[in-house]
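The file entry18.txt comes next; it holds compact mmCIF, C-alpha atoms.
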```txt
# COMPACT_ATOMS: atom_id res chain seq x y z
CA MET Q 213 10.10 22.64 -14.01
CA ASP Q 214 6.66 22.12 -15.49
CA PHE Q 215 4.28 20.53 -12.97
CA SER Q 216 1.20 20.88 -15.14
CA LEU Q 217 -0.70 17.72 -16.05
CA PRO Q 218 -1.60 16.80 -19.62
CA PRO Q 219 -5.31 17.27 -20.37
CA GLU Q 220 -6.06 13.53 -20.49
CA LEU Q 221 -4.53 12.96 -17.05
CA THR Q 222 -6.34 15.97 -15.60
CA ALA Q 223 -9.61 14.55 -16.93
CA LEU Q 224 -8.87 11.12 -15.44
CA ARG Q 225 -7.95 12.65 -12.08
CA ASP Q 226 -11.20 14.61 -12.04
CA ARG Q 227 -13.20 11.49 -12.92
CA VAL Q 228 -11.63 9.64 -10.00
CA ARG Q 229 -12.28 12.59 -7.68
CA ALA Q 230 -15.96 12.66 -8.62
CA PHE Q 231 -16.28 8.87 -8.39
CA ILE Q 232 -14.81 8.77 -4.88
CA ARG Q 233 -16.95 11.59 -3.54
CA GLU Q 234 -20.20 10.59 -5.21
CA GLN Q 235 -20.10 6.79 -5.15
CA VAL Q 236 -17.54 5.58 -2.61
CA LEU Q 237 -17.85 7.93 0.38
CA PRO Q 238 -21.47 6.84 1.04
CA PHE Q 239 -20.21 3.29 1.73
CA GLU Q 240 -17.91 4.33 4.57
CA ARG Q 241 -20.55 3.62 7.21
CA ASP Q 242 -21.65 0.37 5.59
CA PRO Q 243 -21.93 -2.33 8.31
CA ARG Q 244 -19.77 -4.59 6.15
CA CYS Q 245 -16.75 -2.47 7.17
CA GLY Q 246 -15.45 -4.64 10.01
CA VAL Q 247 -12.50 -4.76 12.37
CA HIS Q 248 -10.50 -6.65 9.73
CA GLY Q 249 -11.39 -4.36 6.86
CA PRO Q 250 -14.22 -4.28 4.33
CA ASP Q 251 -15.61 -7.76 3.79
CA GLU Q 252 -15.56 -9.50 0.44
CA SER Q 253 -19.15 -8.67 -0.50
CA LEU Q 254 -18.50 -4.96 0.05
CA ARG Q 255 -15.28 -5.17 -1.92
CA LEU Q 256 -17.08 -6.76 -4.85
CA ASP Q 257 -19.79 -4.10 -4.76
CA LEU Q 258 -17.19 -1.33 -4.84
CA VAL Q 259 -15.18 -3.04 -7.58
CA SER Q 260 -18.36 -3.35 -9.65
CA LEU Q 261 -18.91 0.41 -9.41
CA ALA Q 262 -15.34 1.13 -10.48
CA ARG Q 263 -15.64 -1.31 -13.36
CA GLU Q 264 -18.79 0.44 -14.59
CA ALA Q 265 -17.00 3.78 -14.32
CA GLY Q 266 -14.02 2.51 -16.34
CA LEU Q 267 -11.64 3.06 -13.41
CA LEU Q 268 -10.84 -0.48 -12.28
CA THR Q 269 -7.19 -1.44 -11.76
CA PRO Q 270 -5.88 1.59 -13.68
CA HIS Q 271 -2.23 0.86 -12.88
CA ALA Q 272 -2.25 -2.55 -14.59
CA CYS Q 273 -0.97 -2.89 -18.13
CA VAL Q 274 -3.38 -2.46 -21.01
CA GLU Q 275 -2.86 -6.09 -22.10
CA MET Q 276 -4.29 -7.27 -18.78
CA GLY Q 277 -7.19 -4.86 -18.88
CA GLY Q 278 -5.79 -1.85 -17.01
CA LEU Q 279 -5.03 1.69 -18.14
CA GLY Q 280 -1.25 1.27 -18.08
CA LEU Q 281 -0.65 4.35 -15.95
CA SER Q 282 2.85 5.71 -15.56
CA HIS Q 283 4.16 6.36 -12.04
CA VAL Q 284 3.44 10.07 -12.43
CA ALA Q 285 -0.10 9.32 -13.58
CA LYS Q 286 -0.54 7.02 -10.60
CA ALA Q 287 0.48 9.88 -8.31
CA ALA Q 288 -2.47 11.94 -9.56
CA VAL Q 289 -5.01 9.10 -9.55
CA PHE Q 290 -3.98 7.33 -6.34
CA GLU Q 291 -4.11 10.51 -4.27
CA GLU Q 292 -7.70 11.09 -5.33
CA ALA Q 293 -8.60 7.46 -4.67
CA GLY Q 294 -7.03 7.70 -1.22
CA TYR Q 295 -9.39 10.47 -0.16
CA SER Q 296 -11.63 7.66 1.10
CA TRP Q 297 -10.25 4.66 2.98
CA LEU Q 298 -12.45 2.58 0.68
CA GLY Q 299 -11.20 4.26 -2.50
CA PRO Q 300 -8.16 2.02 -3.07
CA THR Q 301 -10.36 -1.04 -2.53
CA ALA Q 302 -12.87 0.19 -5.09
CA LEU Q 303 -10.24 0.91 -7.76
CA ASN Q 304 -8.37 -2.33 -6.95
CA ILE Q 305 -5.19 -0.40 -6.14
CA HIS Q 306 -4.95 -1.32 -2.47
CA ALA Q 307 -2.02 -3.05 -0.80
CA PRO Q 308 -0.81 -5.73 -1.17
CA ASP Q 309 -2.54 -6.38 -4.50
CA GLU Q 310 -1.23 -3.23 -6.17
CA GLY Q 311 2.38 -4.22 -5.51
CA ASN Q 312 1.75 -7.86 -6.37
CA ILE Q 313 0.21 -6.86 -9.69
CA HIS Q 314 3.28 -4.79 -10.51
CA LEU Q 315 5.59 -7.68 -9.57
CA MET Q 316 3.60 -10.24 -11.53
CA GLU Q 317 3.64 -8.06 -14.63
CA ALA Q 318 7.41 -7.72 -14.37
CA VAL Q 319 8.39 -11.29 -13.49
CA ALA Q 320 5.62 -13.87 -14.05
CA THR Q 321 5.47 -16.19 -17.05
CA PRO Q 322 2.60 -15.84 -19.57
CA GLU Q 323 0.97 -18.94 -18.08
CA GLN Q 324 1.23 -17.57 -14.54
CA LYS Q 325 -0.24 -14.26 -15.63
CA GLU Q 326 -3.27 -15.93 -17.18
CA ARG Q 327 -3.80 -18.16 -14.17
CA TRP Q 328 -3.36 -15.64 -11.35
CA LEU Q 329 -2.87 -12.10 -12.65
CA ARG Q 330 -5.72 -11.63 -15.12
CA PRO Q 331 -8.50 -12.56 -12.64
CA GLN Q 332 -6.87 -10.23 -10.13
CA VAL Q 333 -6.76 -7.31 -12.56
CA GLN Q 334 -10.43 -7.97 -13.30
CA GLY Q 335 -11.15 -7.55 -9.59
CA ARG Q 336 -12.43 -11.10 -9.19
CA THR Q 337 -9.66 -12.24 -6.84
CA ARG Q 338 -7.19 -10.93 -4.26
CA SER Q 339 -3.67 -11.93 -3.29
CA CYS Q 340 -1.23 -11.71 -0.40
CA PHE Q 341 2.55 -11.43 -0.07
CA ALA Q 342 3.94 -13.83 2.54
CA MET Q 343 7.41 -12.76 3.65
CA THR Q 344 7.28 -11.40 7.23
CA GLU Q 345 7.78 -14.03 9.93
CA PRO Q 346 7.48 -14.21 13.72
CA PRO Q 347 10.76 -14.19 15.70
CA PRO Q 348 13.36 -15.43 15.05
CA GLY Q 349 12.39 -15.15 11.38
CA ALA Q 350 12.46 -12.33 8.86
CA GLY Q 351 11.03 -8.92 9.73
CA SER Q 352 12.81 -5.69 8.91
CA ASP Q 353 15.86 -7.88 8.25
CA PRO Q 354 14.89 -10.17 5.34
CA GLY Q 355 18.19 -12.01 5.74
CA MET Q 356 16.65 -13.81 8.73
CA LEU Q 357 14.22 -15.64 6.43
CA ALA Q 358 13.41 -18.97 8.12
CA THR Q 359 10.74 -20.54 5.86
CA THR Q 360 12.28 -23.41 3.89
CA ALA Q 361 11.63 -24.90 0.46
CA VAL Q 362 13.17 -28.32 -0.19
CA ARG Q 363 13.25 -29.75 -3.72
CA GLU Q 364 11.53 -33.12 -4.14
CA GLY Q 365 11.46 -34.14 -7.79
CA GLU Q 366 9.27 -31.70 -9.67
CA HIS Q 367 7.96 -30.07 -6.48
CA TYR Q 368 9.18 -28.03 -3.53
CA ARG Q 369 8.07 -28.81 0.01
CA ILE Q 370 7.55 -25.56 1.94
CA ASN Q 371 7.51 -25.27 5.72
CA GLY Q 372 7.39 -22.15 7.86
CA ASP Q 373 5.30 -19.52 9.60
CA LYS Q 374 4.32 -16.04 8.45
CA TRP Q 375 2.52 -13.18 10.15
CA PHE Q 376 1.28 -9.66 9.45
CA ILE Q 377 0.28 -11.03 6.04
CA THR Q 378 -2.09 -8.38 4.74
CA GLY Q 379 -5.15 -9.70 2.93
CA ALA Q 380 -4.43 -13.35 3.76
CA ASP Q 381 -8.02 -14.11 4.76
CA GLY Q 382 -9.88 -14.62 1.49
CA ALA Q 383 -6.89 -14.29 -0.83
CA ALA Q 384 -6.98 -16.51 -3.90
CA TYR Q 385 -3.23 -16.87 -4.18
CA ALA Q 386 -0.05 -16.01 -2.31
CA ILE Q 387 3.48 -15.06 -3.23
CA VAL Q 388 5.55 -16.93 -0.65
CA MET Q 389 9.18 -16.13 0.11
CA ALA Q 390 11.18 -19.17 1.21
CA ARG Q 391 14.82 -20.20 1.45
CA THR Q 392 15.92 -23.09 -0.77
CA GLU Q 393 18.59 -25.64 0.14
CA ASP Q 394 21.38 -23.49 -1.29
CA GLY Q 395 20.45 -20.76 1.22
CA ARG Q 396 19.02 -18.36 -1.36
CA ALA Q 397 15.57 -16.78 -1.23
CA THR Q 398 13.00 -17.80 -3.84
CA MET Q 399 9.44 -16.65 -4.51
CA PHE Q 400 6.72 -19.26 -5.00
CA LEU Q 401 3.18 -18.83 -6.29
CA THR Q 402 0.49 -20.93 -4.67
CA ASP Q 403 -3.28 -21.12 -4.55
CA MET Q 404 -4.39 -20.46 -0.99
CA ASP Q 405 -6.71 -23.49 -0.91
CA ARG Q 406 -3.87 -26.00 -1.31
CA PRO Q 407 -3.35 -28.57 1.45
CA GLY Q 408 -0.59 -27.44 3.76
CA ILE Q 409 -1.73 -23.80 4.17
CA ARG Q 410 -3.63 -22.76 7.27
CA LEU Q 411 -4.79 -19.34 8.38
CA ARG Q 412 -4.30 -19.65 12.12
CA ARG Q 413 -5.87 -16.32 13.00
CA SER Q 414 -6.38 -12.73 11.98
CA MET Q 415 -4.49 -10.18 14.02
CA ASP Q 416 -6.42 -7.31 15.60
CA ALA Q 417 -4.72 -4.14 14.36
CA MET Q 418 -5.31 -0.39 14.58
CA ASP Q 419 -5.98 -0.11 10.87
CA ARG Q 420 -9.19 -1.39 9.30
CA CYS Q 421 -8.73 -0.42 5.67
CA PHE Q 422 -7.39 -3.66 4.15
CA THR Q 423 -9.77 -6.39 2.99
CA GLY Q 424 -8.75 -9.59 4.74
CA GLY Q 425 -6.96 -7.81 7.57
CA HIS Q 426 -3.56 -9.14 8.65
CA GLY Q 427 -3.23 -12.89 9.00
CA VAL Q 428 -0.99 -15.43 10.71
CA LEU Q 429 -0.24 -18.24 8.26
CA GLU Q 430 1.43 -21.59 8.70
CA PHE Q 431 2.85 -23.70 5.90
CA ARG Q 432 3.21 -27.38 6.72
CA ASP Q 433 4.50 -29.66 3.96
CA LEU Q 434 3.01 -27.47 1.27
CA LEU Q 435 3.86 -28.97 -2.11
CA VAL Q 436 4.37 -26.41 -4.88
CA PRO Q 437 5.30 -27.43 -8.44
CA ALA Q 438 8.66 -26.13 -9.60
CA THR Q 439 6.79 -24.49 -12.48
CA ASP Q 440 5.13 -22.20 -9.92
CA ILE Q 441 8.36 -20.47 -8.95
CA LEU Q 442 7.96 -16.75 -9.62
CA GLY Q 443 10.86 -15.68 -11.80
CA GLU Q 444 14.13 -17.51 -11.24
CA ALA Q 445 15.05 -19.58 -8.21
CA GLY Q 446 17.39 -17.76 -5.83
CA LYS Q 447 16.41 -14.25 -6.89
CA GLY Q 448 13.67 -13.66 -4.33
CA PHE Q 449 15.34 -10.71 -2.62
CA ARG Q 450 16.04 -9.06 -5.96
CA TYR Q 451 12.40 -9.41 -6.98
CA ALA Q 452 11.31 -8.09 -3.59
CA GLN Q 453 13.03 -4.82 -4.45
CA VAL Q 454 11.26 -4.76 -7.83
CA ARG Q 455 8.03 -4.85 -5.85
CA LEU Q 456 8.90 -2.72 -2.84
CA ALA Q 457 10.45 0.36 -4.44
CA PRO Q 458 7.29 1.45 -6.31
CA ALA Q 459 4.98 -0.04 -3.64
CA ARG Q 460 6.45 2.25 -0.99
CA LEU Q 461 5.69 5.21 -3.23
CA THR Q 462 2.11 4.16 -3.98
CA HIS Q 463 1.54 3.89 -0.22
CA CYS Q 464 2.58 7.54 -0.03
CA MET Q 465 0.20 8.47 -2.85
CA ARG Q 466 -2.81 6.84 -1.23
CA TRP Q 467 -2.10 8.18 2.25
CA LEU Q 468 -1.62 11.66 0.85
CA GLY Q 469 -5.30 11.59 -0.08
CA GLN Q 470 -6.25 10.60 3.47
CA ALA Q 471 -4.08 13.35 4.98
CA GLN Q 472 -5.62 15.91 2.63
CA ARG Q 473 -9.07 14.84 3.80
CA ALA Q 474 -8.08 15.21 7.46
CA HIS Q 475 -6.72 18.68 6.70
CA ASP Q 476 -9.94 19.60 4.87
CA SER Q 477 -11.93 18.52 7.94
CA ALA Q 478 -9.72 20.63 10.20
CA ILE Q 479 -10.13 23.70 7.98
CA ARG Q 480 -13.90 23.32 7.94
CA HIS Q 481 -14.02 23.03 11.73
CA ALA Q 482 -11.64 25.96 12.25
CA ARG Q 483 -13.80 28.20 10.06
CA LEU Q 484 -17.12 27.30 11.66
CA ARG Q 485 -16.23 26.74 15.32
CA HIS Q 486 -15.95 29.89 17.49
CA ALA Q 487 -14.10 30.39 20.76
CA PHE Q 488 -13.23 33.53 22.70
CA GLY Q 489 -15.17 35.74 20.34
CA LYS Q 490 -13.87 34.62 16.97
CA PRO Q 491 -13.47 31.55 14.70
CA LEU Q 492 -10.77 29.09 15.70
CA ALA Q 493 -8.97 29.80 12.43
CA GLU Q 494 -8.30 33.37 13.58
CA HIS Q 495 -6.41 32.17 16.66
CA GLU Q 496 -2.71 32.00 15.86
CA GLY Q 497 -2.20 28.62 17.50
CA VAL Q 498 -4.77 27.02 15.21
CA GLY Q 499 -3.71 29.04 12.18
CA TYR Q 500 -0.11 27.92 12.58
CA MET Q 501 -1.19 24.27 12.63
CA LEU Q 502 -3.16 24.73 9.42
CA ALA Q 503 -0.17 26.44 7.81
CA ASP Q 504 2.17 23.65 8.92
CA ASN Q 505 -0.28 21.13 7.49
CA ASP Q 506 -0.14 22.87 4.13
CA ILE Q 507 3.67 22.87 4.22
CA ASP Q 508 3.83 19.14 5.02
CA LEU Q 509 1.24 18.25 2.38
CA HIS Q 510 3.10 20.24 -0.26
CA SER Q 511 6.43 18.71 0.76
CA ALA Q 512 5.02 15.18 0.61
CA ARG Q 513 3.45 15.84 -2.77
CA LEU Q 514 6.76 17.10 -4.16
CA HIS Q 515 8.60 14.01 -2.85
CA ILE Q 516 6.01 11.75 -4.46
CA TRP Q 517 5.98 13.47 -7.83
CA HIS Q 518 9.76 13.76 -8.03
CA THR Q 519 10.31 10.10 -7.15
CA ALA Q 520 7.53 9.02 -9.52
CA TRP Q 521 9.20 11.00 -12.31
CA LEU Q 522 12.52 9.31 -11.54
CA LEU Q 523 10.84 5.89 -11.65
CA ASP Q 524 9.34 6.70 -15.03
CA GLN Q 525 12.80 7.69 -16.25
CA GLY Q 526 14.32 4.50 -14.87
CA GLN Q 527 16.51 6.56 -12.55
CA ALA Q 528 15.01 5.88 -9.14
CA CYS Q 529 16.34 3.17 -6.84
CA ASN Q 530 15.71 1.99 -3.31
CA PHE Q 531 17.48 5.04 -1.90
CA GLU Q 532 14.99 7.44 -3.48
CA SER Q 533 11.98 5.32 -2.54
CA SER Q 534 13.23 5.07 1.06
CA ARG Q 535 13.70 8.82 1.23
CA ALA Q 536 10.20 9.46 -0.10
CA LYS Q 537 8.65 6.87 2.19
CA VAL Q 538 10.22 8.33 5.33
CA ALA Q 539 9.54 11.94 4.36
CA CYS Q 540 5.92 11.28 3.40
CA SER Q 541 4.98 8.94 6.23
CA GLU Q 542 6.37 11.35 8.83
CA ALA Q 543 4.91 14.48 7.20
CA LEU Q 544 1.46 13.00 6.59
CA TRP Q 545 1.32 11.66 10.13
CA ARG Q 546 2.00 15.18 11.42
CA VAL Q 547 -0.84 16.49 9.26
CA VAL Q 548 -3.34 14.02 10.67
CA ASP Q 549 -2.14 14.53 14.24
CA ARG Q 550 -2.49 18.33 13.93
CA SER Q 551 -5.89 17.96 12.30
CA MET Q 552 -7.10 15.94 15.27
CA GLN Q 553 -5.75 18.62 17.59
CA VAL Q 554 -7.60 21.36 15.72
CA LEU Q 555 -10.83 19.36 15.92
CA GLY Q 556 -10.46 18.91 19.67
CA GLY Q 557 -13.15 16.67 21.14
CA GLN Q 558 -14.67 16.13 17.71
CA GLY Q 559 -11.40 14.67 16.52
CA VAL Q 560 -11.46 11.72 18.89
CA THR Q 561 -14.96 10.63 17.84
CA ASP Q 562 -16.31 9.24 14.60
CA GLU Q 563 -18.29 12.46 14.05
CA THR Q 564 -15.57 13.30 11.51
CA PRO Q 565 -13.36 10.97 9.44
CA VAL Q 566 -10.19 12.12 11.24
CA MET Q 567 -10.27 9.58 14.07
CA ARG Q 568 -10.49 6.73 11.56
CA ILE Q 569 -7.72 8.22 9.42
CA PHE Q 570 -5.58 8.69 12.55
CA MET Q 571 -5.95 5.01 13.48
CA ASP Q 572 -5.31 3.75 9.97
CA MET Q 573 -2.35 5.99 9.21
CA ARG Q 574 -0.24 5.39 12.31
CA ALA Q 575 0.86 2.08 10.85
CA PHE Q 576 2.13 3.81 7.70
CA ARG Q 577 5.34 4.72 9.54
CA ILE Q 578 5.93 0.99 10.03
CA TYR Q 579 4.55 -0.77 6.94
CA ASP Q 580 6.99 -1.47 4.10
CA GLY Q 581 9.83 -0.79 6.51
CA PRO Q 582 9.86 1.39 9.63
CA SER Q 583 11.27 4.88 9.20
CA GLU Q 584 14.28 3.93 11.32
CA VAL Q 585 15.22 1.02 9.03
CA HIS Q 586 15.02 3.25 5.95
CA ARG Q 587 17.18 5.88 7.65
CA TRP Q 588 19.72 3.25 8.63
CA SER Q 589 19.84 1.91 5.06
CA MET Q 590 20.14 5.41 3.61
CA ALA Q 591 22.92 6.34 6.03
CA ARG Q 592 24.99 3.33 4.97
CA LYS Q 593 24.68 4.31 1.33
CA ILE Q 594 25.48 7.94 2.05
CA VAL Q 595 28.69 6.96 3.88
CA GLN Q 596 29.65 4.45 1.19
CA ALA Q 597 29.20 7.07 -1.52
CA ALA Q 598 31.35 9.50 0.42
CA GLU Q 599 34.10 6.89 0.80
CA VAL Q 600 34.05 6.17 -2.93
CA ALA Q 601 34.26 9.89 -3.73
CA GLN Q 602 37.41 10.35 -1.62
```
Transcribe the structure of this file into structure tokens.
Amino acid sequence: MDFSLPPELTALRDRVRAFIREQVLPFERDPRCGVHGPDESLRLDLVSLAREAGLLTPHACVEMGGLGLSHVAKAAVFEEAGYSWLGPTALNIHAPDEGNIHLMEAVATPEQKERWLRPQVQGRTRSCFAMTEPPPGAGSDPGMLATTAVREGEHYRINGDKWFITGADGAAYAIVMARTEDGRATMFLTDMDRPGIRLRRSMDAMDRCFTGGHGVLEFRDLLVPATDILGEAGKGFRYAQVRLAPARLTHCMRWLGQAQRAHDSAIRHARLRHAFGKPLAEHEGVGYMLADNDIDLHSARLHIWHTAWLLDQGQACNFESSRAKVACSEALWRVVDRSMQVLGGQGVTDETPVMRIFMDMRAFRIYDGPSEVHRWSMARKIVQAAEVAQ
């Protein structure tokens, strides 16, 4: 197998690497980085830098102003962007916007793209994806969807509650999943300033890397024109898979960059810090952790590149994306945890970036489906395939 990158992709990767290290890293201690993520003014400053560098929204299609990257190309670029927790924000490839852009390109009408997608690709607006609900509504089980959409003439009246809605505070538009009267799930597009939408609060979470944080939304008699349905009515769950399969993988790409940075910090500390007459790196206990980090990083990278290649070939499905998401989230978490252990007392302070990465990354094993849910789904398919083969 040939894992070499074409020259143009190598050049793009190197440009992103230089951009992140030279222009984005200095912003990490900007006071506009708050408990609910970088604020909008910081986001716009970072986006402006990426726009000037010709690196803004590289995954979007060329027609919308992006670079039209393949999944394999995204693997190279997103890892480099992820080296800073502000990198995805700067390049406009952060969640949930990255996944929403992909979904809108695949499903939205030309009119919807001009109204909502183009400004988003230009970095002028953000979006959110409103599916998760408080109990007894939809969480890991989307079949429990409780938000309703009732047809009234040329409009739908939407009622329900959503939470853990990333980027809700300050989003220009939302993709809302609701159940229509026939019991099927449908996606609706809506401006966030419409009457009937209220951000009740922002949830205090461990992670602080998403602009807008995680919001609790309520929809009360929200009227949405039937023309603002995303795709076809009743196909919401199908479209969710169009969004989630690649979005899980891009999460892995971005977090790989963060794990690599934690590992780099651990190596630097192990080389320079001495104990019992020699550098930490020469103690087997520390050396083994660094070696295990390298193994996990390499394994995660192989999962990402293989699944990205399958997606580009049209061969990957939810099974492959689930496998990659579980393997990468678990492996990269181990890398960050070991890196903190190598750093010792330094690791639990903000003297290095590892504490921040540790806090941000723990949620990765939960977002876009907990590891246990993916394993359960994979196990069902494995057993079903075995039964068919008999």
Taken to one decimal, the CA of Asp572 in chain Q-CA of Arg420 in chain Q distance is 6.5 Å
So, with only C-alpha atoms as the atoms that count, which of Q:Ala307, Q:Leu461, Q:Val428, Q:Met343 lies closest to Gly355 in chain Q?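 Among the listed residues, Q:Met343 lies closest to Gly355 in chain Q.
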Separation of CA of Gly249 in chain Q from CA of His426 in chain Q in Å: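 Between CA of His426 in chain Q and CA of Gly249 in chain Q the gap is 9.3 Å.
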Counting only C-alpha atoms, which residues of range 292-409 of chain Q sit at most 9 Å from some atom of range 254-267 of chain Q, and what is each one's closest atom pair with its distance in Å to one decimal, listed by chain and rising residue number, as CSV?
```
residue,atom,partner,partner_atom,distance
Q:Leu298,CA,Q:Leu258,CA,8.3
Q:Gly299,CA,Q:Leu258,CA,8.5
Q:Thr301,CA,Q:Arg255,CA,6.5
Q:Ala302,CA,Q:Leu258,CA,4.6
Q:Leu303,CA,Q:Ala262,CA,5.8
Q:Asn304,CA,Q:Val259,CA,6.9
Q:Gln334,CA,Q:Arg263,CA,8.5
Q:Gly335,CA,Q:Val259,CA,6.4
Q:Arg336,CA,Q:Leu256,CA,7.7
```
Export, as an mmCIF file, keeping the file's coordinate frame, the selected residues with C-alpha atoms.
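The new file out35.cif reads:
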```cif
data_model
loop_
_atom_site.group_PDB
_atom_site.id
_atom_site.type_symbol
_atom_site.label_atom_id
_atom_site.label_comp_id
_atom_site.auth_asym_id
_atom_site.auth_seq_id
_atom_site.Cartn_x
_atom_site.Cartn_y
_atom_site.Cartn_z
ATOM 1 C CA LEU Q 298 -12.450 2.580 0.680
ATOM 2 C CA GLY Q 299 -11.200 4.260 -2.500
ATOM 3 C CA THR Q 301 -10.360 -1.040 -2.530
ATOM 4 C CA ALA Q 302 -12.870 0.190 -5.090
ATOM 5 C CA LEU Q 303 -10.240 0.910 -7.760
ATOM 6 C CA ASN Q 304 -8.370 -2.330 -6.950
ATOM 7 C CA GLN Q 334 -10.430 -7.970 -13.300
ATOM 8 C CA GLY Q 335 -11.150 -7.550 -9.590
ATOM 9 C CA ARG Q 336 -12.430 -11.100 -9.190
#
```
So the first atom is CA of Trp521 in chain Q and the second is CA of Arg466 in chain Q; what is the distance between them in Å, to one decimal place?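 Separation between CA of Trp521 in chain Q and CA of Arg466 in chain Q: 16.9 Å.
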Restricting the calculation to only C-alpha atoms: of Q:Ser583, Q:Ser511, Q:Gln553, Q:Thr398, which residue gets closest to Thr360 in chain Q? Q:Thr398
Between Q:Leu217, Q:Ala536, Q:Ala493, Q:Ala512, which residue has the minimum interatomic distance to Ala471 in chain Q, considering all atoms listed in the file?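 Using all atoms listed in the file, the shortest distance to Ala471 in chain Q belongs to Q:Ala512.
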Of the candidates Q:Thr269, Q:Gln235, Q:Gln453, Q:Thr344, which shows the shortest atom-to-atom distance to Asn530 in chain Q, using all atoms listed in the file?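 Looking at the shortest contact to Asn530 in chain Q, the residue is Q:Gln453.
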Shortest contact to Glu532 in chain Q, candidates Q:Arg577, Q:His486, Q:Lys593, Q:Arg546, atoms counted all atoms listed in the file, goes to Q:Lys593
Can you pull out every residue within 10 Å of Pro354 in chain Q, counting all atoms listed in the file, but drop anything in the same chain fewer than 4 positions away, and send it as a list in words?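 Listing them by chain and then by number gives Met343, Thr344, Glu345, Gly349, Ala350, Ala358, Met389, Ala397, Phe449 and Ala452 of chain Q.
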Measuring atom to atom with all atoms listed in the file, identify which of Q:Asp508, Q:Trp517, Q:Glu496, Q:Phe576 is nearest to Ala543 in chain Q. Q:Asp508
Return as JSON the box centre and box size in Å, one decimal, for an axis-aligned box around all listed atoms of range 569-582 of chain Q padded by 5 Å per side.
```
{"center_x": 1.1, "center_y": 3.6, "center_z": 8.8, "size_x": 27.6, "size_y": 20.2, "size_z": 19.4}
```
Residues at most 7 Å from range 225-232 of chain Q, counting only C-alpha atoms, excluding those fewer than 6 positions away in the same chain, as a ChimeraX atom specification? /Q:288-289,292-293,296,299
Any chance you could export the current selection's C-alpha atoms as a PDB file, in the coordinates of the input?
```
ATOM      1  CA  ALA Q 288      -2.470  11.940  -9.560  1.00  0.00           C
ATOM      2  CA  VAL Q 289      -5.010   9.100  -9.550  1.00  0.00           C
ATOM      3  CA  GLU Q 292      -7.700  11.090  -5.330  1.00  0.00           C
ATOM      4  CA  ALA Q 293      -8.600   7.460  -4.670  1.00  0.00           C
ATOM      5  CA  SER Q 296     -11.630   7.660   1.100  1.00  0.00           C
ATOM      6  CA  GLY Q 299     -11.200   4.260  -2.500  1.00  0.00           C
TER       7      GLY Q 299
END
```
Who sits within 10 Å of range 274-279 of chain Q, all atoms listed in the file, same chain under 2 positions skipped, as JSON, numbers by chain: {"Q": [266, 267, 268, 269, 270, 271, 272, 281, 282, 317, 325, 326, 329, 330, 331, 332, 333, 334]}
Near Arg550 in chain Q, counting all atoms listed in the file, which residues have an atom at most 10 Å away, once you skip same-chain residues fewer than 4 positions from it, shown as JSON, numbers by chain? {"Q": [474, 475, 478, 498, 500, 501, 502, 504, 505, 544, 545, 546, 554, 555, 556, 559]}
Place a sphere of radius 10 Å on (-5.5, -7.1, 5.4) in the file coordinates and name every protein, DNA or RNA residue with an atom inside or on its surface, counting only C-alpha atoms; give the answer as a list in words.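 Counting only C-alpha atoms, I find these residues within 10 Å of (-5.5, -7.1, 5.4): His248, Gly249, Pro250, His306, Ala307, Pro308, Cys340, Phe376, Ile377, Thr378, Gly379, Ala380, Asp381, Gly382, Ala383, Ser414, Met415, Ala417, Asp419, Arg420, Cys421, Phe422, Thr423, Gly424, Gly425, His426 and Gly427 of chain Q.
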